[in-house]
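One file, model_29.tsv, carrying TSV, C-alpha atoms:
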```tsv
chain	number	residue	atom	x	y	z
A	1	MET	CA	11.07	-27.49	-4.68
A	2	GLN	CA	11.67	-24.74	-2.12
A	3	HIS	CA	14.46	-22.21	-2.45
A	4	ASP	CA	16.73	-21.08	0.34
A	5	ALA	CA	16.32	-17.64	1.89
A	6	VAL	CA	14.52	-15.07	-0.28
A	7	LEU	CA	14.48	-11.30	-0.02
A	8	GLY	CA	11.25	-9.93	-1.50
A	9	TRP	CA	11.17	-6.34	-2.76
A	10	ASP	CA	8.23	-4.02	-3.42
A	11	LEU	CA	9.60	-0.97	-5.23
A	12	GLY	CA	7.04	1.78	-4.81
A	13	GLY	CA	6.96	5.40	-5.85
A	14	ALA	CA	7.08	6.64	-2.25
A	15	HIS	CA	8.54	3.70	-0.30
A	16	THR	CA	10.91	0.80	-0.80
A	17	LYS	CA	9.75	-2.27	1.11
A	18	ALA	CA	11.55	-5.56	1.63
A	19	ALA	CA	10.90	-8.83	3.47
A	20	LEU	CA	13.30	-11.64	4.25
A	21	ILE	CA	11.94	-15.20	4.31
A	22	GLY	CA	14.54	-17.45	5.94
A	23	ASN	CA	15.54	-21.00	5.14
A	24	SER	CA	12.88	-22.31	7.54
A	25	GLY	CA	10.10	-20.40	5.76
A	26	CYS	CA	9.58	-17.88	8.59
A	27	VAL	CA	9.50	-14.15	8.01
A	28	GLU	CA	12.71	-12.96	9.66
A	29	SER	CA	12.81	-9.26	8.82
A	30	VAL	CA	10.61	-6.62	7.18
A	31	GLN	CA	11.86	-3.15	6.28
A	32	GLN	CA	10.24	-0.02	4.87
A	33	ILE	CA	12.26	2.98	3.72
A	34	ALA	CA	10.93	6.34	2.51
A	35	CYS	CA	11.87	6.63	-1.17
A	36	PRO	CA	10.60	9.69	-3.08
A	37	LEU	CA	11.40	8.05	-6.41
A	38	TRP	CA	9.90	10.90	-8.42
A	39	GLN	CA	12.89	12.98	-7.30
A	40	GLY	CA	15.46	10.64	-8.86
A	41	LEU	CA	16.78	7.08	-9.04
A	42	GLU	CA	19.44	7.90	-6.47
A	43	HIS	CA	16.70	7.63	-3.84
A	44	LEU	CA	16.11	4.02	-4.88
A	45	ASP	CA	19.84	3.31	-4.72
A	46	SER	CA	20.05	4.68	-1.19
A	47	GLY	CA	16.84	2.88	-0.19
A	48	ILE	CA	18.21	-0.45	-1.38
A	49	GLN	CA	21.44	0.13	0.53
A	50	SER	CA	19.50	1.03	3.70
A	51	VAL	CA	17.42	-2.14	3.45
A	52	VAL	CA	20.50	-4.34	3.00
A	53	GLU	CA	22.19	-2.70	5.98
A	54	LYS	CA	19.13	-3.10	8.21
A	55	ILE	CA	18.60	-6.73	7.24
A	56	GLY	CA	22.29	-7.42	7.75
A	57	ARG	CA	22.43	-10.03	5.05
A	58	ASP	CA	23.16	-9.82	1.33
A	59	SER	CA	25.06	-12.76	-0.11
A	60	GLY	CA	23.43	-16.12	-0.79
A	61	LEU	CA	19.94	-14.73	-1.21
A	62	MET	CA	17.43	-14.96	-4.01
A	63	HIS	CA	15.89	-11.54	-4.72
A	64	ALA	CA	12.24	-11.48	-5.87
A	65	VAL	CA	10.95	-8.11	-7.08
A	66	THR	CA	7.58	-6.51	-7.65
A	67	MET	CA	6.89	-2.83	-8.22
A	68	THR	CA	4.61	0.17	-8.67
A	69	GLY	CA	7.37	2.78	-8.87
A	70	GLU	CA	7.34	2.73	-12.65
A	71	LEU	CA	4.31	5.06	-12.43
A	72	VAL	CA	6.18	8.08	-11.07
A	73	ASP	CA	6.64	11.04	-13.39
A	74	LEU	CA	10.40	10.61	-13.37
A	75	PHE	CA	9.79	8.20	-16.26
A	76	PRO	CA	8.15	9.13	-19.60
A	77	ASP	CA	6.11	5.91	-19.64
A	78	ARG	CA	5.64	2.61	-17.78
A	79	ASN	CA	7.96	0.59	-20.00
A	80	SER	CA	10.80	3.02	-19.32
A	81	GLY	CA	10.06	2.90	-15.60
A	82	VAL	CA	10.02	-0.88	-15.46
A	83	LYS	CA	13.32	-1.06	-17.32
A	84	ALA	CA	14.95	1.53	-15.06
A	85	LEU	CA	13.88	-0.26	-11.88
A	86	ILE	CA	14.94	-3.68	-13.15
A	87	ASP	CA	18.29	-2.31	-14.35
A	88	THR	CA	18.89	-0.74	-10.95
A	89	MET	CA	18.22	-4.02	-9.16
A	90	ASP	CA	20.25	-6.01	-11.70
A	91	GLN	CA	23.27	-3.75	-11.24
A	92	ARG	CA	23.04	-3.97	-7.45
A	93	PHE	CA	22.51	-7.74	-7.27
A	94	SER	CA	24.32	-8.94	-10.37
A	95	ASP	CA	25.98	-11.74	-8.41
A	96	SER	CA	22.69	-13.02	-6.94
A	97	LYS	CA	19.69	-14.82	-8.37
A	98	LEU	CA	17.29	-12.02	-9.31
A	99	ARG	CA	13.73	-12.71	-10.45
A	100	ILE	CA	11.02	-10.22	-11.42
A	101	TYR	CA	7.36	-10.93	-10.68
A	102	ALA	CA	5.18	-10.64	-13.79
A	103	GLY	CA	1.76	-11.73	-12.56
A	104	SER	CA	0.33	-14.62	-14.52
A	105	ALA	CA	3.66	-14.98	-16.36
A	106	GLY	CA	5.32	-15.85	-13.06
A	107	PHE	CA	8.89	-14.94	-12.14
A	108	LEU	CA	11.12	-13.87	-14.99
A	109	LYS	CA	14.80	-13.24	-15.45
A	110	PRO	CA	15.58	-9.50	-15.72
A	111	GLU	CA	16.23	-9.49	-19.46
A	112	THR	CA	12.94	-11.31	-20.13
A	113	ALA	CA	10.97	-9.16	-17.69
A	114	ILE	CA	12.02	-5.96	-19.47
A	115	LYS	CA	10.41	-7.32	-22.64
A	116	GLN	CA	7.17	-8.03	-20.75
A	117	ALA	CA	6.97	-4.71	-18.93
A	118	GLN	CA	3.19	-4.43	-19.06
A	119	GLN	CA	2.83	-7.62	-17.01
A	120	VAL	CA	5.51	-6.52	-14.56
A	121	ALA	CA	4.11	-3.01	-14.07
A	122	SER	CA	2.09	-2.56	-10.86
A	123	ALA	CA	1.62	-6.29	-10.30
A	124	ASN	CA	2.34	-6.14	-6.58
A	125	TRP	CA	-1.35	-6.44	-5.65
A	126	LEU	CA	-1.55	-9.72	-7.59
A	127	ALA	CA	1.35	-11.19	-5.63
A	128	THR	CA	-0.48	-10.42	-2.38
A	129	ALA	CA	-3.83	-11.69	-3.63
A	130	SER	CA	-2.36	-14.87	-5.12
A	131	TRP	CA	-0.69	-15.75	-1.82
A	132	VAL	CA	-3.85	-15.10	0.19
A	133	ALA	CA	-6.02	-17.06	-2.27
A	134	ASN	CA	-3.85	-20.13	-1.69
A	135	ARG	CA	-4.18	-19.85	2.08
A	136	LEU	CA	-7.89	-19.14	2.60
A	137	PRO	CA	-11.03	-20.65	1.02
A	138	GLU	CA	-12.55	-17.28	0.06
A	139	GLY	CA	-12.62	-13.62	0.97
A	140	LEU	CA	-12.04	-10.04	-0.05
A	141	LEU	CA	-8.51	-8.70	0.38
A	142	LEU	CA	-8.20	-4.99	1.21
A	143	ASP	CA	-4.70	-3.57	1.22
A	144	VAL	CA	-5.09	-0.01	2.50
A	145	GLY	CA	-1.79	1.79	2.13
A	146	SER	CA	-0.52	5.31	2.52
A	147	THR	CA	-1.65	6.26	-1.00
A	148	THR	CA	-3.90	3.60	-2.50
A	149	THR	CA	-6.32	0.81	-1.64
A	150	ASP	CA	-6.52	-2.53	-3.47
A	151	LEU	CA	-9.74	-4.57	-3.27
A	152	ILE	CA	-9.39	-8.13	-4.60
A	153	PRO	CA	-11.93	-10.95	-4.17
A	154	PHE	CA	-10.74	-14.55	-4.19
A	155	ALA	CA	-12.20	-18.05	-3.89
A	156	ASP	CA	-11.22	-21.64	-4.67
A	157	LYS	CA	-7.54	-20.68	-4.90
A	158	GLN	CA	-8.31	-18.16	-7.65
A	159	VAL	CA	-8.15	-14.38	-7.77
A	160	LEU	CA	-11.60	-13.35	-8.98
A	161	THR	CA	-10.79	-10.56	-11.39
A	162	CYS	CA	-10.45	-10.00	-15.11
A	163	ASP	CA	-8.94	-6.55	-14.55
A	164	TYR	CA	-5.16	-6.39	-14.39
A	165	SER	CA	-4.00	-2.98	-15.67
A	166	ASP	CA	-4.17	0.14	-13.51
A	167	HIS	CA	-6.72	1.65	-15.89
A	168	GLN	CA	-8.99	-1.39	-15.78
A	169	ARG	CA	-8.70	-1.60	-12.00
A	170	LEU	CA	-9.56	2.08	-11.57
A	171	VAL	CA	-12.67	1.61	-13.69
A	172	SER	CA	-13.79	-1.43	-11.68
A	173	GLN	CA	-12.82	0.11	-8.30
A	174	ALA	CA	-10.40	-2.73	-7.63
A	175	LEU	CA	-7.90	0.12	-7.25
A	176	ILE	CA	-8.93	3.26	-5.41
A	177	TYR	CA	-6.49	6.11	-5.04
A	178	THR	CA	-7.12	6.79	-1.39
A	179	GLY	CA	-4.90	6.00	1.58
A	180	VAL	CA	-4.28	6.96	5.19
A	181	ALA	CA	-1.25	9.21	4.77
A	182	ARG	CA	-0.58	10.78	1.36
A	183	THR	CA	-4.08	11.45	0.00
A	184	PRO	CA	-4.82	15.19	-0.49
A	185	LEU	CA	-7.88	16.07	1.56
A	186	MET	CA	-9.85	17.53	-1.36
A	187	ALA	CA	-9.70	14.04	-2.92
A	188	ILE	CA	-11.64	12.65	0.05
A	189	THR	CA	-14.49	15.17	0.10
A	190	ASP	CA	-15.20	18.54	-1.46
A	191	LYS	CA	-16.83	20.08	1.61
A	192	VAL	CA	-16.99	19.80	5.39
A	193	PRO	CA	-19.42	21.06	8.04
A	194	PHE	CA	-17.98	23.93	10.08
A	195	ALA	CA	-19.67	26.52	12.33
A	196	GLY	CA	-23.10	25.67	10.98
A	197	GLU	CA	-22.12	25.96	7.30
A	198	TRP	CA	-20.84	23.74	4.52
A	199	VAL	CA	-17.33	24.92	3.73
A	200	TYR	CA	-15.90	23.87	0.37
A	201	LEU	CA	-12.26	22.88	0.61
A	202	MET	CA	-9.48	24.69	-1.18
A	203	ALA	CA	-8.15	22.65	-4.11
A	204	GLU	CA	-4.58	22.95	-2.85
A	205	HIS	CA	-2.09	20.48	-1.42
A	206	PHE	CA	-2.25	22.04	2.03
A	207	ALA	CA	-2.95	18.88	4.05
A	208	THR	CA	-3.19	15.11	3.64
A	209	SER	CA	-5.00	12.16	5.13
A	210	ALA	CA	-2.13	11.71	7.59
A	211	ASP	CA	-3.30	14.93	9.24
A	212	ILE	CA	-6.85	13.74	9.83
A	213	TYR	CA	-5.76	10.40	11.26
A	214	ARG	CA	-3.13	12.08	13.43
A	215	LEU	CA	-5.83	14.37	14.82
A	216	ASN	CA	-8.10	11.35	15.39
A	217	GLY	CA	-5.36	9.38	17.12
A	218	ASP	CA	-5.40	6.59	14.53
A	219	LEU	CA	-2.24	7.16	12.51
A	220	PRO	CA	0.18	4.20	12.71
A	221	GLU	CA	3.82	5.13	13.25
A	222	ALA	CA	4.93	3.56	9.96
A	223	ALA	CA	2.28	5.27	7.85
A	224	ASP	CA	3.80	8.72	7.50
A	225	LEU	CA	7.49	8.55	6.57
A	226	LEU	CA	7.59	11.41	4.05
A	227	PRO	CA	7.46	15.16	4.78
A	228	SER	CA	4.11	16.78	5.57
A	229	ALA	CA	2.37	18.92	2.95
A	230	ASP	CA	3.99	22.11	4.30
A	231	ASN	CA	7.21	20.41	5.41
A	232	GLY	CA	6.12	21.37	8.92
A	233	GLU	CA	6.03	19.48	12.17
A	234	LYS	CA	4.20	16.18	12.36
A	235	SER	CA	2.27	16.99	15.51
A	236	VAL	CA	-1.39	17.36	16.42
A	237	ALA	CA	-0.98	21.14	16.35
A	238	GLY	CA	0.76	20.98	12.97
A	239	SER	CA	-2.02	18.82	11.54
A	240	ALA	CA	-4.69	21.20	12.88
A	241	ARG	CA	-2.90	24.12	11.24
A	242	ARG	CA	-2.76	22.34	7.89
A	243	LEU	CA	-6.41	21.26	8.11
A	244	ALA	CA	-7.50	24.82	8.96
A	245	ARG	CA	-5.74	26.11	5.86
A	246	MET	CA	-7.92	23.83	3.71
A	247	LEU	CA	-10.91	25.83	5.01
A	248	GLY	CA	-9.26	29.19	4.44
A	249	LEU	CA	-8.69	29.61	8.18
A	250	ASP	CA	-5.98	29.64	10.81
A	251	ALA	CA	-5.86	27.07	13.61
A	252	ASP	CA	-7.21	29.56	16.16
A	253	ALA	CA	-10.58	29.69	14.36
A	254	THR	CA	-11.75	26.93	16.72
A	255	ASP	CA	-10.34	24.75	19.48
A	256	MET	CA	-8.75	21.32	19.01
A	257	ASP	CA	-12.08	19.57	19.57
A	258	GLY	CA	-13.49	21.60	16.71
A	259	TRP	CA	-10.73	20.49	14.36
A	260	ARG	CA	-11.16	16.90	15.46
A	261	LYS	CA	-14.84	17.07	14.51
A	262	VAL	CA	-13.80	18.18	11.04
A	263	SER	CA	-11.19	15.42	10.79
A	264	GLN	CA	-13.68	12.80	12.03
A	265	TYR	CA	-16.14	13.87	9.35
A	266	MET	CA	-13.47	13.48	6.67
A	267	ALA	CA	-12.39	10.10	8.00
A	268	GLU	CA	-16.01	8.95	7.84
A	269	GLN	CA	-16.26	10.01	4.19
A	270	GLN	CA	-13.18	7.97	3.31
A	271	LEU	CA	-14.41	4.96	5.27
A	272	ARG	CA	-17.83	5.17	3.63
A	273	SER	CA	-16.32	5.24	0.13
A	274	LEU	CA	-14.30	2.10	0.89
A	275	ALA	CA	-17.26	0.34	2.53
A	276	ASP	CA	-19.42	1.14	-0.52
A	277	ALA	CA	-16.77	-0.32	-2.83
A	278	CYS	CA	-16.66	-3.45	-0.67
A	279	GLU	CA	-20.43	-3.86	-0.76
A	280	ARG	CA	-20.46	-3.59	-4.54
A	281	ILE	CA	-17.79	-6.28	-4.89
A	282	LEU	CA	-19.40	-8.52	-2.27
A	283	SER	CA	-22.73	-8.33	-4.13
A	284	ARG	CA	-21.21	-10.25	-7.05
A	285	PRO	CA	-21.65	-14.01	-7.35
A	286	GLY	CA	-18.73	-16.07	-6.11
A	287	LEU	CA	-18.43	-15.15	-2.43
A	288	SER	CA	-20.60	-16.39	0.42
A	289	ALA	CA	-22.35	-14.21	2.97
A	290	THR	CA	-19.70	-15.19	5.53
A	291	ALA	CA	-16.63	-14.53	3.39
A	292	PRO	CA	-14.11	-12.58	5.50
A	293	LEU	CA	-12.30	-9.36	4.72
A	294	VAL	CA	-8.51	-9.74	4.85
A	295	GLY	CA	-6.79	-6.59	6.04
A	296	ALA	CA	-3.33	-5.49	4.91
A	297	GLY	CA	-1.42	-2.23	4.73
A	298	VAL	CA	-0.85	0.56	7.24
A	299	GLY	CA	-4.52	1.46	6.97
A	300	ARG	CA	-5.88	-1.98	7.82
A	301	PHE	CA	-7.55	-0.49	10.90
A	302	LEU	CA	-10.11	0.82	8.40
A	303	VAL	CA	-10.73	-2.76	7.21
A	304	GLU	CA	-11.56	-3.79	10.78
A	305	ARG	CA	-14.08	-0.94	10.97
A	306	ILE	CA	-15.63	-1.95	7.66
A	307	CYS	CA	-15.96	-5.53	8.95
A	308	ARG	CA	-17.91	-4.29	11.96
A	309	ARG	CA	-20.09	-2.18	9.70
A	310	LEU	CA	-20.77	-5.01	7.24
A	311	LYS	CA	-20.90	-7.70	9.93
A	312	ARG	CA	-18.14	-9.71	8.25
A	313	PRO	CA	-15.27	-11.67	9.86
A	314	TYR	CA	-11.85	-10.03	9.85
A	315	ILE	CA	-8.52	-11.75	9.19
A	316	GLY	CA	-5.22	-9.91	9.40
A	317	PHE	CA	-2.75	-10.62	6.59
A	318	GLU	CA	-0.06	-11.24	9.19
A	319	GLU	CA	-2.04	-14.19	10.57
A	320	LEU	CA	-1.15	-16.18	7.44
A	321	PHE	CA	2.59	-16.23	8.23
A	322	SER	CA	5.01	-17.63	10.74
A	323	CYS	CA	6.94	-14.68	12.16
A	324	ALA	CA	8.11	-13.13	15.40
A	325	GLN	CA	5.39	-11.18	17.19
A	326	ARG	CA	7.51	-8.04	17.10
A	327	ILE	CA	7.26	-7.84	13.29
A	328	GLU	CA	3.63	-8.89	12.81
A	329	SER	CA	2.53	-5.32	12.06
A	330	LYS	CA	5.33	-4.87	9.54
A	331	VAL	CA	4.32	-8.08	7.77
A	332	ALA	CA	0.84	-6.64	7.21
A	333	GLU	CA	2.13	-3.16	6.35
A	334	CYS	CA	4.48	-4.50	3.65
A	335	ALA	CA	2.21	-7.25	2.33
A	336	PRO	CA	3.37	-7.33	-1.33
A	337	ALA	CA	7.04	-7.64	-0.33
A	338	VAL	CA	6.24	-10.49	2.04
A	339	ALA	CA	3.96	-12.15	-0.52
A	340	VAL	CA	6.41	-11.98	-3.42
A	341	ALA	CA	9.16	-13.44	-1.21
A	342	SER	CA	6.81	-16.21	-0.10
A	343	LEU	CA	5.76	-17.06	-3.66
A	344	ALA	CA	9.41	-17.28	-4.69
A	345	LYS	CA	10.27	-19.32	-1.60
A	346	ASP	CA	7.55	-21.82	-2.45
A	347	GLY	CA	9.25	-22.51	-5.74
A	348	ALA	CA	7.33	-20.26	-8.13
A	349	ALA	CA	10.64	-18.67	-9.15
```
Before anything else, please render the file you have as structure tokens.
Amino acid sequence: MQHDAVLGWDLGGAHTKAALIGNSGCVESVQQIACPLWQGLEHLDSGIQSVVEKIGRDSGLMHAVTMTGELVDLFPDRNSGVKALIDTMDQRFSDSKLRIYAGSAGFLKPETAIKQAQQVASANWLATASWVANRLPEGLLLDVGSTTTDLIPFADKQVLTCDYSDHQRLVSQALIYTGVARTPLMAITDKVPFAGEWVYLMAEHFATSADIYRLNGDLPEAADLLPSADNGEKSVAGSARRLARMLGLDADATDMDGWRKVSQYMAEQQLRSLADACERILSRPGLSATAPLVGAGVGRFLVERICRRLKRPYIGFEELFSCAQRIESKVAECAPAVAVASLAKDGAA
């Protein structure tokens, strides 16, 4: 049995994302709002209100929720975070049908989900992977976001993993804390070539991955919604200034081409680390030599580059949905929100 319209929510630590699946099953709207949740729950409240206003529809909807925001240091532990996020949604949508995604446990009522917090916590990747696994014969899903990358193999309508917690996924490299906007540069590489020398980067939050991709001309508009590392301008000149500071220099130490060479080197290091993780996963039994990579997230342009490097087919997450062309990019950028809405729409809730 299919439900009527569903609004899927992905409550992250830095962004609130939502996707509306209409009565016909088409994706009608996708929204992403900056939400620095670590600064307080009021940011989630305002993010929810902004989403509802932008979508222009509230009553008569089912709300399906997944999350990663329980990880922020506003909360003393994951259980407390899960409860706080569920309570916030329950208070806002008390008159609607609200269901919380709990991975293999399916969709739960709020009061039940709070008691199964460990299955609810950071399960958004599983919603995305489960949807993709039911639409394609096999492949490796890469959701490259602003902060993290998920790598999930699938085949025969099954997600091929035994690792479900954040800790397990970090160990197996199914979860890599690297993204195209919020990653501190010293987490990508410890040194860069400059003026004929290896320069070791300062271990300070002076610049982020958004700066290198802005300098390289690759940064998608929706990737960088939060303030820059120095709260300065989000321009090529501003990014060069922040990158220079990582080397103990000012921007006038070289010209813009010089800073782009540094940023291109750093981008290559990030791409290589993701490609290596893909090759390790693809070397396991279970996937054929022609299994595609499925790209999602604001950093899916990196997945296309990895496909060319590994000589694998590429499929965009947005290709699996019926939606207006104008929102195709948003569908891919907010994959877990779209996926959790789609799972609920198909009757899983």
Closest of A:Leu71, A:Val27, A:Val199, A:Ala18 to Gln118 (chain A) - atom-to-atom distances counting all atoms listed in the file:
A:Leu71
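We find CA of Val180 (chain A) and CA of Gly40 (chain A) to be spaced 24.5 Å apart.
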Env of region 318-325 of chain A: 7 Å cut, atoms = all atoms listed in the file, seq-sep filter 5 positions within chain, self excluded. Answer as number ranges by chain.
A: 26-28, 331-332
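For the set A:Arg312, A:Met62, A:Glu111, A:Cys307, the residue with the smallest atom-to-atom gap to Ala19 (chain A) is A:Met62, counting all atoms listed in the file.
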So that I can see what lies close to Leu293 (chain A), please list as a PDB file with C-alpha atoms, in the coordinates of the input the residues with an atom at most 7 Å from it, counting only C-alpha atoms and leaving out residues fewer than 2 positions away in the same chain.
```pdb
ATOM      1  CA  GLY A 139     -12.620 -13.620   0.970  1.00  0.00           C
ATOM      2  CA  LEU A 140     -12.040 -10.040  -0.050  1.00  0.00           C
ATOM      3  CA  LEU A 141      -8.510  -8.700   0.380  1.00  0.00           C
ATOM      4  CA  LEU A 142      -8.200  -4.990   1.210  1.00  0.00           C
ATOM      5  CA  ALA A 291     -16.630 -14.530   3.390  1.00  0.00           C
ATOM      6  CA  GLY A 295      -6.790  -6.590   6.040  1.00  0.00           C
ATOM      7  CA  CYS A 307     -15.960  -5.530   8.950  1.00  0.00           C
ATOM      8  CA  ARG A 312     -18.140  -9.710   8.250  1.00  0.00           C
ATOM      9  CA  PRO A 313     -15.270 -11.670   9.860  1.00  0.00           C
ATOM     10  CA  TYR A 314     -11.850 -10.030   9.850  1.00  0.00           C
ATOM     11  CA  ILE A 315      -8.520 -11.750   9.190  1.00  0.00           C
TER      12      ILE A 315
END
```
If you count only C-alpha atoms, which residues fall within 10 Å of region 257-272 of chain A, apart from same-chain ones fewer than 4 positions away, as a PyMOL selection string?
chain A and resi 178-180+185-195+209+211-217+236-237+239-241+243-244+251-253+276-278+302-303+305-306+309
Residues near Ala84 (chain A), cut-off 12 Å, all atoms listed in the file, skip fewer than 5 positions along chain, as a ChimeraX atom specification
/A:11,37,40-42,44-45,67,69-72,74-79,89-91,110-111,113-114,117,121
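Nearest to Ser165 (chain A) of all the residues A:Leu201, A:Glu304, A:Gln119, A:Ile21 is A:Gln119, counting only C-alpha atoms.
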Show me, as AutoDock Vina command-line options, the centre and edge lengths in Å to one decimal of the axis-aligned box that covers every listed atom of region 109-118 of chain A with 6 Å on each side.
```
--center_x 9.7 --center_y -8.8 --center_z -19.0 --size_x 25.0 --size_y 20.8 --size_z 19.2
```
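Look at Ser172 (chain A): the protein and nucleic acid residues within 12 Å of it, using all atoms listed in the file and passing over chain neighbours fewer than 3 places away, are A:Asp150, A:Leu151, A:Ile152, A:Thr161, A:Cys162, A:Asp163, A:Tyr164, A:Ser165, A:Asp166, A:His167, A:Gln168, A:Arg169, A:Leu175, A:Ile176, A:Ala277, A:Cys278, A:Arg280, A:Ile281.
CA of Ala105 (chain A) lies 25.3 Å from CA of Asn23 (chain A).
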Would you mind telling me which residue in A:Leu226, A:Leu61, A:Leu282, A:Leu219 lies nearest to Gly13 (chain A) when using all atoms listed in the file?
A:Leu226
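For the set A:Ala335, A:Val340, A:Leu225, A:Leu20, the residue with the smallest atom-to-atom gap to Ala34 (chain A) is A:Leu225, counting all atoms listed in the file.
CA of Gln39 (chain A) is found 28.4 Å from CA of Arg300 (chain A).
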Which of these residues is nearest to Ser228 (chain A), using only C-alpha atoms: A:Ala102, A:Leu249, A:Val120, A:Ala207?
A:Ala207
Put region 310-331 of chain A into a file with N, CA and C atoms, as a PDB file, in the first residue's frame.
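The result, stored in part-v5.pdb:
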```
ATOM      1  N   LEU A 310      38.821   4.674 -12.595  1.00  0.00           N
ATOM      2  CA  LEU A 310      38.688   3.231 -12.403  1.00  0.00           C
ATOM      3  C   LEU A 310      38.040   2.532 -13.594  1.00  0.00           C
ATOM      4  N   LYS A 311      37.671   3.348 -14.600  1.00  0.00           N
ATOM      5  CA  LYS A 311      37.007   2.808 -15.800  1.00  0.00           C
ATOM      6  C   LYS A 311      35.740   2.038 -15.427  1.00  0.00           C
ATOM      7  N   ARG A 312      34.907   2.709 -14.631  1.00  0.00           N
ATOM      8  CA  ARG A 312      33.625   2.154 -14.197  1.00  0.00           C
ATOM      9  C   ARG A 312      32.491   3.033 -14.717  1.00  0.00           C
ATOM     10  N   PRO A 313      31.311   2.468 -14.964  1.00  0.00           N
ATOM     11  CA  PRO A 313      30.155   3.294 -15.339  1.00  0.00           C
ATOM     12  C   PRO A 313      29.733   4.186 -14.172  1.00  0.00           C
ATOM     13  N   TYR A 314      29.137   5.324 -14.517  1.00  0.00           N
ATOM     14  CA  TYR A 314      28.632   6.253 -13.508  1.00  0.00           C
ATOM     15  C   TYR A 314      27.119   6.386 -13.645  1.00  0.00           C
ATOM     16  N   ILE A 315      26.429   6.367 -12.506  1.00  0.00           N
ATOM     17  CA  ILE A 315      24.987   6.625 -12.470  1.00  0.00           C
ATOM     18  C   ILE A 315      24.739   7.681 -11.404  1.00  0.00           C
ATOM     19  N   GLY A 316      24.041   8.741 -11.767  1.00  0.00           N
ATOM     20  CA  GLY A 316      23.678   9.760 -10.792  1.00  0.00           C
ATOM     21  C   GLY A 316      22.460   9.331  -9.987  1.00  0.00           C
ATOM     22  N   PHE A 317      22.496   9.573  -8.691  1.00  0.00           N
ATOM     23  CA  PHE A 317      21.377   9.203  -7.819  1.00  0.00           C
ATOM     24  C   PHE A 317      20.065   9.774  -8.332  1.00  0.00           C
ATOM     25  N   GLU A 318      20.113  10.983  -8.884  1.00  0.00           N
ATOM     26  CA  GLU A 318      18.902  11.644  -9.353  1.00  0.00           C
ATOM     27  C   GLU A 318      18.255  10.918 -10.523  1.00  0.00           C
ATOM     28  N   GLU A 319      19.012  10.076 -11.222  1.00  0.00           N
ATOM     29  CA  GLU A 319      18.468   9.343 -12.360  1.00  0.00           C
ATOM     30  C   GLU A 319      17.455   8.283 -11.944  1.00  0.00           C
ATOM     31  N   LEU A 320      17.405   7.963 -10.655  1.00  0.00           N
ATOM     32  CA  LEU A 320      16.525   6.915 -10.161  1.00  0.00           C
ATOM     33  C   LEU A 320      15.149   7.433  -9.771  1.00  0.00           C
ATOM     34  N   PHE A 321      14.899   8.733 -10.013  1.00  0.00           N
ATOM     35  CA  PHE A 321      13.653   9.356  -9.568  1.00  0.00           C
ATOM     36  C   PHE A 321      12.970  10.092 -10.695  1.00  0.00           C
ATOM     37  N   SER A 322      11.668  10.221 -10.551  1.00  0.00           N
ATOM     38  CA  SER A 322      10.886  11.091 -11.415  1.00  0.00           C
ATOM     39  C   SER A 322      10.800  12.449 -10.733  1.00  0.00           C
ATOM     40  N   CYS A 323      11.337  13.478 -11.401  1.00  0.00           N
ATOM     41  CA  CYS A 323      11.330  14.815 -10.812  1.00  0.00           C
ATOM     42  C   CYS A 323      11.523  15.839 -11.913  1.00  0.00           C
ATOM     43  N   ALA A 324      11.202  17.074 -11.609  1.00  0.00           N
ATOM     44  CA  ALA A 324      11.420  18.154 -12.566  1.00  0.00           C
ATOM     45  C   ALA A 324      12.920  18.362 -12.756  1.00  0.00           C
ATOM     46  N   GLN A 325      13.321  18.685 -13.972  1.00  0.00           N
ATOM     47  CA  GLN A 325      14.740  18.855 -14.275  1.00  0.00           C
ATOM     48  C   GLN A 325      15.393  19.919 -13.396  1.00  0.00           C
ATOM     49  N   ARG A 326      14.620  20.922 -13.025  1.00  0.00           N
ATOM     50  CA  ARG A 326      15.182  22.024 -12.248  1.00  0.00           C
ATOM     51  C   ARG A 326      15.621  21.606 -10.848  1.00  0.00           C
ATOM     52  N   ILE A 327      15.140  20.472 -10.351  1.00  0.00           N
ATOM     53  CA  ILE A 327      15.534  20.038  -9.002  1.00  0.00           C
ATOM     54  C   ILE A 327      16.366  18.767  -9.021  1.00  0.00           C
ATOM     55  N   GLU A 328      16.818  18.322 -10.186  1.00  0.00           N
ATOM     56  CA  GLU A 328      17.607  17.091 -10.251  1.00  0.00           C
ATOM     57  C   GLU A 328      18.847  17.165  -9.360  1.00  0.00           C
ATOM     58  N   SER A 329      19.562  18.286  -9.418  1.00  0.00           N
ATOM     59  CA  SER A 329      20.774  18.417  -8.604  1.00  0.00           C
ATOM     60  C   SER A 329      20.439  18.335  -7.116  1.00  0.00           C
ATOM     61  N   LYS A 330      19.355  18.967  -6.713  1.00  0.00           N
ATOM     62  CA  LYS A 330      18.967  18.946  -5.307  1.00  0.00           C
ATOM     63  C   LYS A 330      18.610  17.535  -4.854  1.00  0.00           C
ATOM     64  N   VAL A 331      17.989  16.768  -5.735  1.00  0.00           N
ATOM     65  CA  VAL A 331      17.656  15.374  -5.396  1.00  0.00           C
ATOM     66  C   VAL A 331      18.929  14.618  -5.033  1.00  0.00           C
TER      67      VAL A 331
END
```
